[in-house]
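Shown next: protein20.txt, given as compact mmCIF, C-alpha atoms and all ligand atoms.
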# COMPACT_ATOMS: atom_id res chain seq x y z
CA MET Q 1183 22.34 -6.98 82.96
CA ASN Q 1184 20.98 -8.29 86.25
CA LEU Q 1185 18.81 -11.31 85.87
CA ASP Q 1186 17.05 -13.60 88.30
CA ARG Q 1187 13.87 -15.53 88.90
CA ILE Q 1188 11.38 -14.43 91.47
CA GLY Q 1189 8.02 -16.04 92.11
CA LEU Q 1190 4.78 -14.12 91.84
CA ASN Q 1191 1.75 -14.45 94.09
CA GLU Q 1192 -0.23 -16.46 91.57
CA ALA Q 1193 1.52 -16.26 88.21
CA PRO Q 1194 4.28 -18.51 86.90
CA ALA Q 1195 7.80 -17.45 87.86
CA LEU Q 1196 9.08 -14.49 85.90
CA ARG Q 1197 12.54 -13.16 85.38
CA ILE Q 1198 13.21 -9.54 86.19
CA ALA Q 1199 16.00 -8.11 84.06
CA GLN Q 1200 17.66 -4.73 84.22
CA VAL Q 1201 17.95 -3.45 80.68
CA THR Q 1202 20.44 -1.01 79.23
CA GLY Q 1203 20.49 0.77 75.90
CA ARG Q 1204 23.15 -1.60 74.60
CA ASP Q 1205 20.97 -4.66 75.05
CA ALA Q 1206 19.91 -5.70 71.52
CA ARG Q 1207 17.94 -8.84 72.47
CA HIS Q 1208 15.84 -7.06 75.05
CA ALA Q 1209 15.31 -4.14 72.68
CA VAL Q 1210 13.35 -6.44 70.33
CA ILE Q 1211 11.31 -7.84 73.22
CA ILE Q 1212 10.51 -4.37 74.56
CA GLU Q 1213 9.38 -3.13 71.13
CA GLU Q 1214 7.01 -6.09 70.84
CA PHE Q 1215 5.71 -5.41 74.32
CA TYR Q 1216 4.86 -1.79 73.53
CA ARG Q 1217 3.27 -2.71 70.20
CA GLY Q 1218 0.95 -5.11 72.05
CA LEU Q 1219 -0.45 -2.63 74.57
CA SER Q 1220 -4.14 -1.74 74.31
CA ALA Q 1221 -5.28 1.82 73.57
CA GLN Q 1222 -6.44 2.31 77.17
CA THR Q 1223 -3.09 1.13 78.54
CA ARG Q 1224 -1.21 3.45 76.16
CA TYR Q 1225 -3.33 6.31 77.48
CA GLU Q 1226 -2.63 5.48 81.13
CA ARG Q 1227 1.08 5.13 80.48
CA PHE Q 1228 1.59 8.11 78.12
CA PHE Q 1229 -1.43 10.32 78.99
CA SER Q 1230 -2.52 10.77 75.40
CA HIS Q 1231 -4.74 8.91 72.94
CA ARG Q 1232 -2.38 7.73 70.29
CA PRO Q 1233 -3.17 5.27 67.52
CA GLU Q 1234 0.18 3.50 67.70
CA PHE Q 1235 3.88 4.11 68.29
CA GLY Q 1236 6.06 5.52 65.55
CA PRO Q 1237 9.39 3.84 64.74
CA ALA Q 1238 11.44 6.58 66.38
CA GLU Q 1239 9.50 6.34 69.62
CA LEU Q 1240 9.70 2.55 69.67
CA GLU Q 1241 13.43 2.81 69.09
CA ARG Q 1242 13.72 5.24 72.00
CA LEU Q 1243 11.63 3.06 74.32
CA ALA Q 1244 13.64 -0.03 73.43
CA HIS Q 1245 16.97 1.66 74.20
CA PRO Q 1246 16.86 3.22 77.67
CA GLU Q 1247 20.15 5.04 77.48
CA ARG Q 1248 19.64 8.49 78.97
CA ALA Q 1249 22.28 9.06 81.64
CA GLY Q 1250 21.01 7.70 84.93
CA GLU Q 1251 17.94 6.05 83.43
CA LEU Q 1252 16.93 2.74 85.03
CA CYS Q 1253 14.79 0.16 83.25
CA LEU Q 1254 13.56 -3.20 84.53
CA VAL Q 1255 11.56 -5.63 82.46
CA ALA Q 1256 9.54 -8.66 83.59
CA LEU Q 1257 10.08 -11.59 81.23
CA ALA Q 1258 7.93 -14.72 80.88
CA GLY Q 1259 8.63 -17.88 78.86
CA GLU Q 1260 11.62 -20.06 78.23
CA GLU Q 1261 14.99 -18.38 78.00
CA GLY Q 1262 15.64 -17.35 74.42
CA GLU Q 1263 11.89 -17.18 73.68
CA GLU Q 1264 10.81 -14.74 76.37
CA ILE Q 1265 8.16 -12.10 76.06
CA ALA Q 1266 8.00 -8.97 78.17
CA VAL Q 1267 4.91 -8.78 80.38
CA GLY Q 1268 5.78 -5.59 82.23
CA GLU Q 1269 8.27 -2.78 82.32
CA VAL Q 1270 9.22 0.00 84.68
CA ARG Q 1271 11.66 2.82 84.23
CA LEU Q 1272 13.02 5.76 86.15
CA VAL Q 1273 14.17 8.81 84.24
CA PRO Q 1274 16.18 11.55 85.98
CA THR Q 1275 14.19 14.77 86.36
CA HIS Q 1276 16.98 17.10 87.53
CA GLU Q 1277 14.41 18.72 89.85
CA GLY Q 1278 14.95 19.62 93.48
CA THR Q 1279 18.17 19.43 95.41
CA GLY Q 1280 18.74 15.67 95.49
CA ARG Q 1281 18.83 13.09 92.73
CA GLU Q 1282 15.22 12.76 91.63
CA GLY Q 1283 13.58 10.60 88.98
CA GLU Q 1284 10.22 10.02 87.34
CA ILE Q 1285 8.69 6.54 87.31
CA ALA Q 1286 6.68 5.00 84.49
CA LEU Q 1287 5.26 1.50 85.04
CA VAL Q 1288 3.23 -0.62 82.67
CA VAL Q 1289 2.04 -4.24 82.75
CA ALA Q 1290 0.66 -6.12 79.72
CA ASP Q 1291 -3.13 -6.18 79.62
CA ASP Q 1292 -3.32 -9.97 80.02
CA TRP Q 1293 -0.96 -10.04 83.00
CA ARG Q 1294 -2.75 -7.74 85.42
CA ARG Q 1295 -3.48 -8.40 89.10
CA LEU Q 1296 -0.83 -11.12 89.31
CA GLY Q 1297 1.71 -9.10 91.25
CA VAL Q 1298 3.86 -8.10 88.24
CA GLY Q 1299 3.49 -4.35 88.83
CA ARG Q 1300 4.28 -4.69 92.52
CA LYS Q 1301 7.42 -6.75 91.83
CA LEU Q 1302 8.66 -4.33 89.20
CA LEU Q 1303 8.11 -1.34 91.45
CA CYS Q 1304 9.91 -3.07 94.32
CA GLY Q 1305 12.83 -3.86 92.05
CA LEU Q 1306 12.97 -0.35 90.65
CA LEU Q 1307 12.93 1.33 94.06
CA ALA Q 1308 15.73 -0.95 95.22
CA ALA Q 1309 17.79 -0.26 92.10
CA ALA Q 1310 17.10 3.49 92.44
CA ARG Q 1311 18.37 3.54 96.03
CA ARG Q 1312 21.48 1.68 94.98
CA ALA Q 1313 22.02 4.20 92.19
CA GLY Q 1314 21.83 7.08 94.68
CA TYR Q 1315 18.38 8.44 93.87
CA THR Q 1316 16.87 10.40 96.78
CA GLY Q 1317 13.31 10.49 95.51
CA ALA Q 1318 10.95 9.27 92.81
CA GLN Q 1319 7.77 10.81 91.46
CA ALA Q 1320 5.03 9.60 89.16
CA TYR Q 1321 2.22 11.29 87.23
CA ILE Q 1322 -0.96 9.23 87.27
CA THR Q 1323 -4.34 9.92 85.67
CA SER Q 1324 -6.99 10.58 88.35
CA SER Q 1325 -9.12 7.74 86.97
CA ASN Q 1326 -6.28 5.20 87.27
CA THR Q 1327 -7.47 3.48 90.43
CA GLY Q 1328 -5.05 0.56 90.00
CA MET Q 1329 -1.87 2.64 89.94
CA LEU Q 1330 -3.14 5.02 92.61
CA SER Q 1331 -3.85 2.08 94.88
CA LEU Q 1332 -0.43 0.54 94.17
CA VAL Q 1333 1.58 3.69 94.95
CA ARG Q 1334 -0.38 4.25 98.18
CA GLN Q 1335 0.84 0.82 99.29
CA PHE Q 1336 4.42 1.95 98.67
CA ASP Q 1337 3.99 5.07 100.80
CA PHE Q 1338 4.10 7.55 97.94
CA ARG Q 1339 2.75 10.92 99.06
CA PHE Q 1340 0.37 13.05 97.01
CA GLN Q 1341 1.84 16.36 95.87
CA PRO Q 1342 0.03 19.56 94.89
CA LEU Q 1343 -0.40 19.81 91.14
CA ALA Q 1344 -1.74 22.86 89.32
CA GLY Q 1345 -4.88 21.99 87.37
CA GLY Q 1346 -4.78 18.58 89.04
CA ALA Q 1347 -8.31 17.41 88.26
CA THR Q 1348 -7.28 14.90 85.63
CA MET Q 1349 -3.76 14.13 86.83
CA ARG Q 1350 -2.23 13.29 90.19
CA LEU Q 1351 1.43 13.66 91.16
CA VAL Q 1352 2.89 11.34 93.79
CA HIS Q 1353 6.35 11.30 95.32
CA LYS Q 1354 8.35 8.82 97.38
CA ASP Q 1355 11.28 9.74 99.60
CA LEU Q 1356 13.97 7.15 98.92
CA THR Q 1357 16.22 8.28 101.74
CA VAL Q 1358 14.10 6.45 104.34
CA THR Q 1359 15.20 2.91 105.16
CA ALA Q 1360 14.16 0.13 102.81
CA THR Q 1361 12.20 -1.69 105.50
CA ASP Q 1362 9.52 0.97 105.91
CA THR Q 1363 8.74 1.50 102.26
CA GLY Q 1364 5.40 -0.29 102.22
CA CYS Q 1365 6.92 -2.87 99.89
CA PHE Q 1366 4.91 -5.70 101.38
CA ASP Q 1367 3.96 -9.00 99.81
CA PRO Q 1368 0.41 -9.91 100.88
CA ALA Q 1369 1.14 -13.55 100.02
CA GLY Q 1370 3.19 -13.78 103.21
CA ALA Q 1371 6.80 -12.80 102.55
CA PRO Q 1372 7.35 -9.91 104.96
CA HIS Q 1373 9.46 -7.67 102.78
CA ILE Q 1374 10.13 -8.61 99.20
CA GLU Q 1375 12.22 -5.52 98.65
CA ALA Q 1376 15.08 -7.45 100.26
CA ALA Q 1377 14.83 -9.99 97.43
CA ALA Q 1378 14.79 -7.21 94.87
CA LEU Q 1379 17.86 -5.67 96.45
CA ALA Q 1380 19.63 -9.02 96.17
CA ILE Q 1381 18.77 -9.13 92.48
CA ALA Q 1382 19.99 -5.59 91.90
CA ALA Q 1383 23.26 -6.41 93.67
CA GLN Q 1384 24.17 -9.25 91.30
C1 LIG P 1 -1.21 -0.02 87.31
C2 LIG P 1 -0.54 -1.31 86.83
C3 LIG P 1 0.92 -1.09 86.56
C4 LIG P 1 -0.71 -2.38 87.93
O1 LIG P 1 -0.02 -3.54 87.50
P1 LIG P 1 -0.43 -4.98 88.04
O2 LIG P 1 0.63 -5.94 87.72
O3 LIG P 1 -1.81 -5.33 87.57
O4 LIG P 1 -0.49 -4.73 89.61
P2 LIG P 1 -0.31 -5.83 90.74
O5 LIG P 1 -0.93 -7.11 90.34
O6 LIG P 1 1.10 -5.87 91.17
O7 LIG P 1 -1.21 -5.18 91.87
C5 LIG P 1 -0.68 -4.73 93.10
C6 LIG P 1 -1.81 -4.05 93.86
O8 LIG P 1 -2.17 -2.83 93.24
C7 LIG P 1 -3.60 -2.66 93.36
N1 LIG P 1 -4.20 -2.72 92.02
C8 LIG P 1 -3.61 -3.04 90.86
N2 LIG P 1 -4.50 -2.95 89.85
C9 LIG P 1 -5.66 -2.56 90.39
C10 LIG P 1 -6.93 -2.25 89.87
N3 LIG P 1 -7.21 -2.36 88.56
N4 LIG P 1 -7.90 -1.83 90.71
C11 LIG P 1 -7.68 -1.72 92.03
N5 LIG P 1 -6.47 -2.00 92.61
C12 LIG P 1 -5.48 -2.40 91.80
C13 LIG P 1 -4.10 -3.81 94.21
O9 LIG P 1 -4.06 -3.44 95.57
C14 LIG P 1 -3.06 -4.86 93.92
O10 LIG P 1 -2.96 -5.83 94.91
P3 LIG P 1 -3.97 -7.11 94.91
O11 LIG P 1 -4.08 -7.63 93.51
O12 LIG P 1 -3.29 -8.05 95.85
O13 LIG P 1 -5.27 -6.56 95.41
C15 LIG P 1 -1.27 -1.84 85.55
O14 LIG P 1 -2.64 -1.85 85.76
C16 LIG P 1 -0.96 -1.05 84.31
O15 LIG P 1 0.02 -1.34 83.61
N6 LIG P 1 -1.78 -0.04 83.97
C17 LIG P 1 -1.59 0.73 82.72
C18 LIG P 1 -0.35 1.60 82.78
C19 LIG P 1 -0.42 2.54 83.93
O16 LIG P 1 -1.45 2.90 84.42
N7 LIG P 1 0.76 3.01 84.37
C20 LIG P 1 0.84 4.01 85.41
C21 LIG P 1 1.41 5.29 84.88
S1 LIG P 1 2.95 5.57 85.68
Structure translated into C-alpha cells:
Amino acid sequence: MNLDRIGLNEAPALRIAQVTGRDARHAVIIEEFYRGLSAQTRYERFFSHRPEFGPAELERLAHPERAGELCLVALAGEEGEEIAVGEVRLVPTHEGTGREGEIALVVADDWRRLGVGRKLLCGLLAAARRAGYTGAQAYITSSNTGMLSLVRQFDFRFQPLAGGATMRLVHKDLTVTATDTGCFDPAGAPHIEAAALAIAAQ
C-alpha cells in the first residue's frame, strides 16, 4: 500500500492510499463509504437508481482485485480511525490496441468542492501511467456538470457515443507527458501530478 499526506486547497490534510484486494482494514472503510453515499451520488457513480448496495456488491467494491485494477482512497481522520471521503478506481477495459482502463471517481457528499476529486484523479492518472496504461476513459451522465467540468480540466476528450443524449464518454491519452495533462492546482502549486507521482513511487 502506498500512503502519504497531501494538503488540499481548503480541507484538512488527507491521506491518499492505494488499496489492493488483500487490504482488510481498508475494505471495512470502503464498505462504510459506499453505504454512506446519497441516492443521487449512487446514480452518478453507477448510472442507475438503486435503493442500496447488496452484500455481494459491497464485498466486490471493497476488494479491488481484478487483474490490473487500480484503486486509490482518500482518508480523513486520525490513523486507525480514518474514514474514506473519496475513492477512484481504474478497471482494465481490454479495448483498443494499448492498455486501456475505465475510471470511476466518487467523493462523499459532505466533502465536495474541497479538491478531493482533483487530487484522487491526479493520483490515479499518475499510478496508471506507472502501471503502463496508455489511455483512460470515463462514462459520465450528461447532467453531471461537476465531473464534466473536472475531466475537461484534465484534457479528457469527448468521444462519440451512440444514443449519447443521457451519457457522455470521455477519454484521456496517457502516453503524452505528465506535464501537459491539465493536472493543475489553482491554489498555486504548478503541477501537483508530480506530488502524486512521488506518492505512487513509494
Ligand atoms: C464529480 C466529483 C467526483 C467531484 O469531486 P469534488 O471533490 O467535489 O471535486 P473537486 O473539489 O476536486 O473539484 C475540482 C473542480 O471540478 C469542478 N467541479 C467539481 N464539482 C463541481 C460542480 N458541482 N459544479 C461545477 N464544477 C464542479 C470545479 O472546476 C472544481 O474546481 P473548483 O472547486 O476550484 O472550482 C463529485 O462531485 C462526485 O463524487 N460526484 C458523484 C459521483 C460522480 O459523479 N462520479 C463521476 C462518474 S465517473
Expected selection as a short mmCIF file (atom, residue, chain, number, x, y, z; two decimals) with C-alpha atoms, keeping the file's coordinate frame for ligand LIG 1 (chain P) within 8 Å, only C-alpha atoms and all ligand atoms:
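Result went into out_29.cif, see below:
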data_model
loop_
_atom_site.label_atom_id
_atom_site.label_comp_id
_atom_site.auth_asym_id
_atom_site.auth_seq_id
_atom_site.Cartn_x
_atom_site.Cartn_y
_atom_site.Cartn_z
CA GLN Q 1222 -6.44 2.31 77.17
CA THR Q 1223 -3.09 1.13 78.54
CA ARG Q 1224 -1.21 3.45 76.16
CA TYR Q 1225 -3.33 6.31 77.48
CA GLU Q 1226 -2.63 5.48 81.13
CA ARG Q 1227 1.08 5.13 80.48
CA PHE Q 1228 1.59 8.11 78.12
CA GLY Q 1268 5.78 -5.59 82.23
CA ILE Q 1285 8.69 6.54 87.31
CA ALA Q 1286 6.68 5.00 84.49
CA LEU Q 1287 5.26 1.50 85.04
CA VAL Q 1288 3.23 -0.62 82.67
CA VAL Q 1289 2.04 -4.24 82.75
CA ALA Q 1290 0.66 -6.12 79.72
CA ASP Q 1291 -3.13 -6.18 79.62
CA TRP Q 1293 -0.96 -10.04 83.00
CA ARG Q 1294 -2.75 -7.74 85.42
CA ARG Q 1295 -3.48 -8.40 89.10
CA LEU Q 1296 -0.83 -11.12 89.31
CA GLY Q 1297 1.71 -9.10 91.25
CA VAL Q 1298 3.86 -8.10 88.24
CA GLY Q 1299 3.49 -4.35 88.83
CA ARG Q 1300 4.28 -4.69 92.52
CA LYS Q 1301 7.42 -6.75 91.83
CA LEU Q 1302 8.66 -4.33 89.20
CA ALA Q 1320 5.03 9.60 89.16
CA TYR Q 1321 2.22 11.29 87.23
CA ILE Q 1322 -0.96 9.23 87.27
CA THR Q 1323 -4.34 9.92 85.67
CA ASN Q 1326 -6.28 5.20 87.27
CA THR Q 1327 -7.47 3.48 90.43
CA GLY Q 1328 -5.05 0.56 90.00
CA MET Q 1329 -1.87 2.64 89.94
CA LEU Q 1330 -3.14 5.02 92.61
CA SER Q 1331 -3.85 2.08 94.88
CA LEU Q 1332 -0.43 0.54 94.17
CA VAL Q 1333 1.58 3.69 94.95
CA GLN Q 1335 0.84 0.82 99.29
CA PRO Q 1368 0.41 -9.91 100.88
#
So how many Å separate CA of Glu1214 (chain Q) and CA of Glu1284 (chain Q), to one decimal?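 Separation of CA of Glu1214 (chain Q) and CA of Glu1284 (chain Q): 23.3 Å.
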Between CA of Arg1281 (chain Q) and CA of Val1358 (chain Q), what is the distance, to one decimal in Å?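 Atom-to-atom, CA of Arg1281 (chain Q) and CA of Val1358 (chain Q) are spaced 14.2 Å apart.
Each of Q:Tyr1315, Q:Gly1262, Q:Phe1215, Q:Ser1325 was compared to Thr1279 (chain Q) using only C-alpha atoms, and Q:Tyr1315 turns out to be the nearest.
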I'd like the contact shell of Ala1238 (chain Q) - 12 Å cut-off, all atoms listed in the file, skipping same-chain residues fewer than 6 positions apart - returned as a compact mmCIF listing (two decimals) with C-alpha atoms, in the frame of the given file.
# COMPACT_ATOMS: atom_id res chain seq x y z
CA GLU Q 1213 9.38 -3.13 71.13
CA ALA Q 1244 13.64 -0.03 73.43
CA HIS Q 1245 16.97 1.66 74.20
As a check of understanding: the span from CA of Leu1306 (chain Q) to CA of Arg1350 (chain Q) is 20.4 Å
Determine, counting all atoms listed in the file, which protein, DNA and RNA residues have an atom within 12 Å of an atom of Leu1252 (chain Q); residues of the same chain fewer than 6 positions away are not included. Present the result as a PyMOL selection string. chain Q and resi 1183-1184+1199-1203+1243+1245-1246+1269-1274+1283-1287+1302-1303+1305-1315+1318+1382
Writing out the chosen residues with C-alpha atoms as a compact mmCIF listing (two decimals), keeping the file's coordinate frame:
# COMPACT_ATOMS: atom_id res chain seq x y z
CA MET Q 1183 22.34 -6.98 82.96
CA ASN Q 1184 20.98 -8.29 86.25
CA ALA Q 1199 16.00 -8.11 84.06
CA GLN Q 1200 17.66 -4.73 84.22
CA VAL Q 1201 17.95 -3.45 80.68
CA THR Q 1202 20.44 -1.01 79.23
CA GLY Q 1203 20.49 0.77 75.90
CA LEU Q 1243 11.63 3.06 74.32
CA HIS Q 1245 16.97 1.66 74.20
CA PRO Q 1246 16.86 3.22 77.67
CA GLU Q 1269 8.27 -2.78 82.32
CA VAL Q 1270 9.22 0.00 84.68
CA ARG Q 1271 11.66 2.82 84.23
CA LEU Q 1272 13.02 5.76 86.15
CA VAL Q 1273 14.17 8.81 84.24
CA PRO Q 1274 16.18 11.55 85.98
CA GLY Q 1283 13.58 10.60 88.98
CA GLU Q 1284 10.22 10.02 87.34
CA ILE Q 1285 8.69 6.54 87.31
CA ALA Q 1286 6.68 5.00 84.49
CA LEU Q 1287 5.26 1.50 85.04
CA LEU Q 1302 8.66 -4.33 89.20
CA LEU Q 1303 8.11 -1.34 91.45
CA GLY Q 1305 12.83 -3.86 92.05
CA LEU Q 1306 12.97 -0.35 90.65
CA LEU Q 1307 12.93 1.33 94.06
CA ALA Q 1308 15.73 -0.95 95.22
CA ALA Q 1309 17.79 -0.26 92.10
CA ALA Q 1310 17.10 3.49 92.44
CA ARG Q 1311 18.37 3.54 96.03
CA ARG Q 1312 21.48 1.68 94.98
CA ALA Q 1313 22.02 4.20 92.19
CA GLY Q 1314 21.83 7.08 94.68
CA TYR Q 1315 18.38 8.44 93.87
CA ALA Q 1318 10.95 9.27 92.81
CA ALA Q 1382 19.99 -5.59 91.90
Measuring between all atoms listed in the file, which one of Q:Ile1211, Q:Leu1196, Q:Gly1317, Q:Tyr1216 shows the shortest distance to Leu1257 (chain Q)?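 Ranking Q:Ile1211, Q:Leu1196, Q:Gly1317, Q:Tyr1216 by distance to Leu1257 (chain Q), first place goes to Q:Leu1196.
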Export region 1262-1283 of chain Q, N, CA and C atoms, as a PDB file, in the first residue's frame; it's the structure right above.
ATOM      1  N   GLY Q1262      -5.872   4.890  12.142  1.00  0.00           N
ATOM      2  CA  GLY Q1262      -6.554   3.871  12.936  1.00  0.00           C
ATOM      3  C   GLY Q1262      -8.039   4.153  13.075  1.00  0.00           C
ATOM      4  N   GLU Q1263      -8.433   5.434  12.876  1.00  0.00           N
ATOM      5  CA  GLU Q1263      -9.864   5.791  12.976  1.00  0.00           C
ATOM      6  C   GLU Q1263     -10.327   6.516  11.719  1.00  0.00           C
ATOM      7  N   GLU Q1264      -9.653   6.254  10.599  1.00  0.00           N
ATOM      8  CA  GLU Q1264      -9.948   7.016   9.400  1.00  0.00           C
ATOM      9  C   GLU Q1264     -11.308   6.660   8.808  1.00  0.00           C
ATOM     10  N   ILE Q1265     -11.839   7.631   8.094  1.00  0.00           N
ATOM     11  CA  ILE Q1265     -12.983   7.363   7.223  1.00  0.00           C
ATOM     12  C   ILE Q1265     -12.541   7.673   5.795  1.00  0.00           C
ATOM     13  N   ALA Q1266     -13.183   7.011   4.841  1.00  0.00           N
ATOM     14  CA  ALA Q1266     -12.922   7.327   3.443  1.00  0.00           C
ATOM     15  C   ALA Q1266     -13.822   8.492   3.043  1.00  0.00           C
ATOM     16  N   VAL Q1267     -13.268   9.467   2.347  1.00  0.00           N
ATOM     17  CA  VAL Q1267     -14.069  10.597   1.874  1.00  0.00           C
ATOM     18  C   VAL Q1267     -14.095  10.658   0.346  1.00  0.00           C
ATOM     19  N   GLY Q1268     -13.373   9.764  -0.293  1.00  0.00           N
ATOM     20  CA  GLY Q1268     -13.398   9.706  -1.746  1.00  0.00           C
ATOM     21  C   GLY Q1268     -12.663   8.470  -2.226  1.00  0.00           C
ATOM     22  N   GLU Q1269     -13.012   8.063  -3.417  1.00  0.00           N
ATOM     23  CA  GLU Q1269     -12.374   6.865  -3.976  1.00  0.00           C
ATOM     24  C   GLU Q1269     -12.358   6.964  -5.487  1.00  0.00           C
ATOM     25  N   VAL Q1270     -11.290   6.477  -6.080  1.00  0.00           N
ATOM     26  CA  VAL Q1270     -11.224   6.423  -7.539  1.00  0.00           C
ATOM     27  C   VAL Q1270     -10.633   5.084  -7.928  1.00  0.00           C
ATOM     28  N   ARG Q1271     -11.140   4.533  -9.009  1.00  0.00           N
ATOM     29  CA  ARG Q1271     -10.546   3.276  -9.476  1.00  0.00           C
ATOM     30  C   ARG Q1271     -10.465   3.252 -10.990  1.00  0.00           C
ATOM     31  N   LEU Q1272      -9.570   2.426 -11.464  1.00  0.00           N
ATOM     32  CA  LEU Q1272      -9.381   2.227 -12.901  1.00  0.00           C
ATOM     33  C   LEU Q1272      -9.440   0.731 -13.147  1.00  0.00           C
ATOM     34  N   VAL Q1273     -10.381   0.338 -14.005  1.00  0.00           N
ATOM     35  CA  VAL Q1273     -10.587  -1.071 -14.304  1.00  0.00           C
ATOM     36  C   VAL Q1273     -10.192  -1.309 -15.756  1.00  0.00           C
ATOM     37  N   PRO Q1274      -9.364  -2.325 -16.033  1.00  0.00           N
ATOM     38  CA  PRO Q1274      -8.970  -2.570 -17.426  1.00  0.00           C
ATOM     39  C   PRO Q1274     -10.183  -2.860 -18.304  1.00  0.00           C
ATOM     40  N   THR Q1275     -10.168  -2.279 -19.517  1.00  0.00           N
ATOM     41  CA  THR Q1275     -11.303  -2.497 -20.423  1.00  0.00           C
ATOM     42  C   THR Q1275     -10.991  -3.509 -21.523  1.00  0.00           C
ATOM     43  N   HIS Q1276      -9.702  -3.754 -21.763  1.00  0.00           N
ATOM     44  CA  HIS Q1276      -9.287  -4.662 -22.843  1.00  0.00           C
ATOM     45  C   HIS Q1276      -9.837  -4.207 -24.179  1.00  0.00           C
ATOM     46  N   GLU Q1277      -9.999  -2.871 -24.345  1.00  0.00           N
ATOM     47  CA  GLU Q1277     -10.438  -2.308 -25.629  1.00  0.00           C
ATOM     48  C   GLU Q1277      -9.248  -1.646 -26.303  1.00  0.00           C
ATOM     49  N   GLY Q1278      -9.312  -1.553 -27.633  1.00  0.00           N
ATOM     50  CA  GLY Q1278      -8.265  -0.856 -28.360  1.00  0.00           C
ATOM     51  C   GLY Q1278      -6.983  -1.661 -28.409  1.00  0.00           C
ATOM     52  N   THR Q1279      -5.932  -0.983 -28.876  1.00  0.00           N
ATOM     53  CA  THR Q1279      -4.668  -1.696 -29.080  1.00  0.00           C
ATOM     54  C   THR Q1279      -3.753  -1.588 -27.883  1.00  0.00           C
ATOM     55  N   GLY Q1280      -3.849  -0.485 -27.122  1.00  0.00           N
ATOM     56  CA  GLY Q1280      -2.975  -0.311 -25.967  1.00  0.00           C
ATOM     57  C   GLY Q1280      -3.597  -0.884 -24.718  1.00  0.00           C
ATOM     58  N   ARG Q1281      -3.075  -0.437 -23.573  1.00  0.00           N
ATOM     59  CA  ARG Q1281      -3.636  -0.881 -22.293  1.00  0.00           C
ATOM     60  C   ARG Q1281      -4.589   0.208 -21.809  1.00  0.00           C
ATOM     61  N   GLU Q1282      -5.863  -0.057 -21.897  1.00  0.00           N
ATOM     62  CA  GLU Q1282      -6.885   0.947 -21.620  1.00  0.00           C
ATOM     63  C   GLU Q1282      -7.655   0.594 -20.351  1.00  0.00           C
ATOM     64  N   GLY Q1283      -8.145   1.631 -19.665  1.00  0.00           N
ATOM     65  CA  GLY Q1283      -8.924   1.385 -18.464  1.00  0.00           C
ATOM     66  C   GLY Q1283     -10.094   2.339 -18.357  1.00  0.00           C
TER      67      GLY Q1283
END
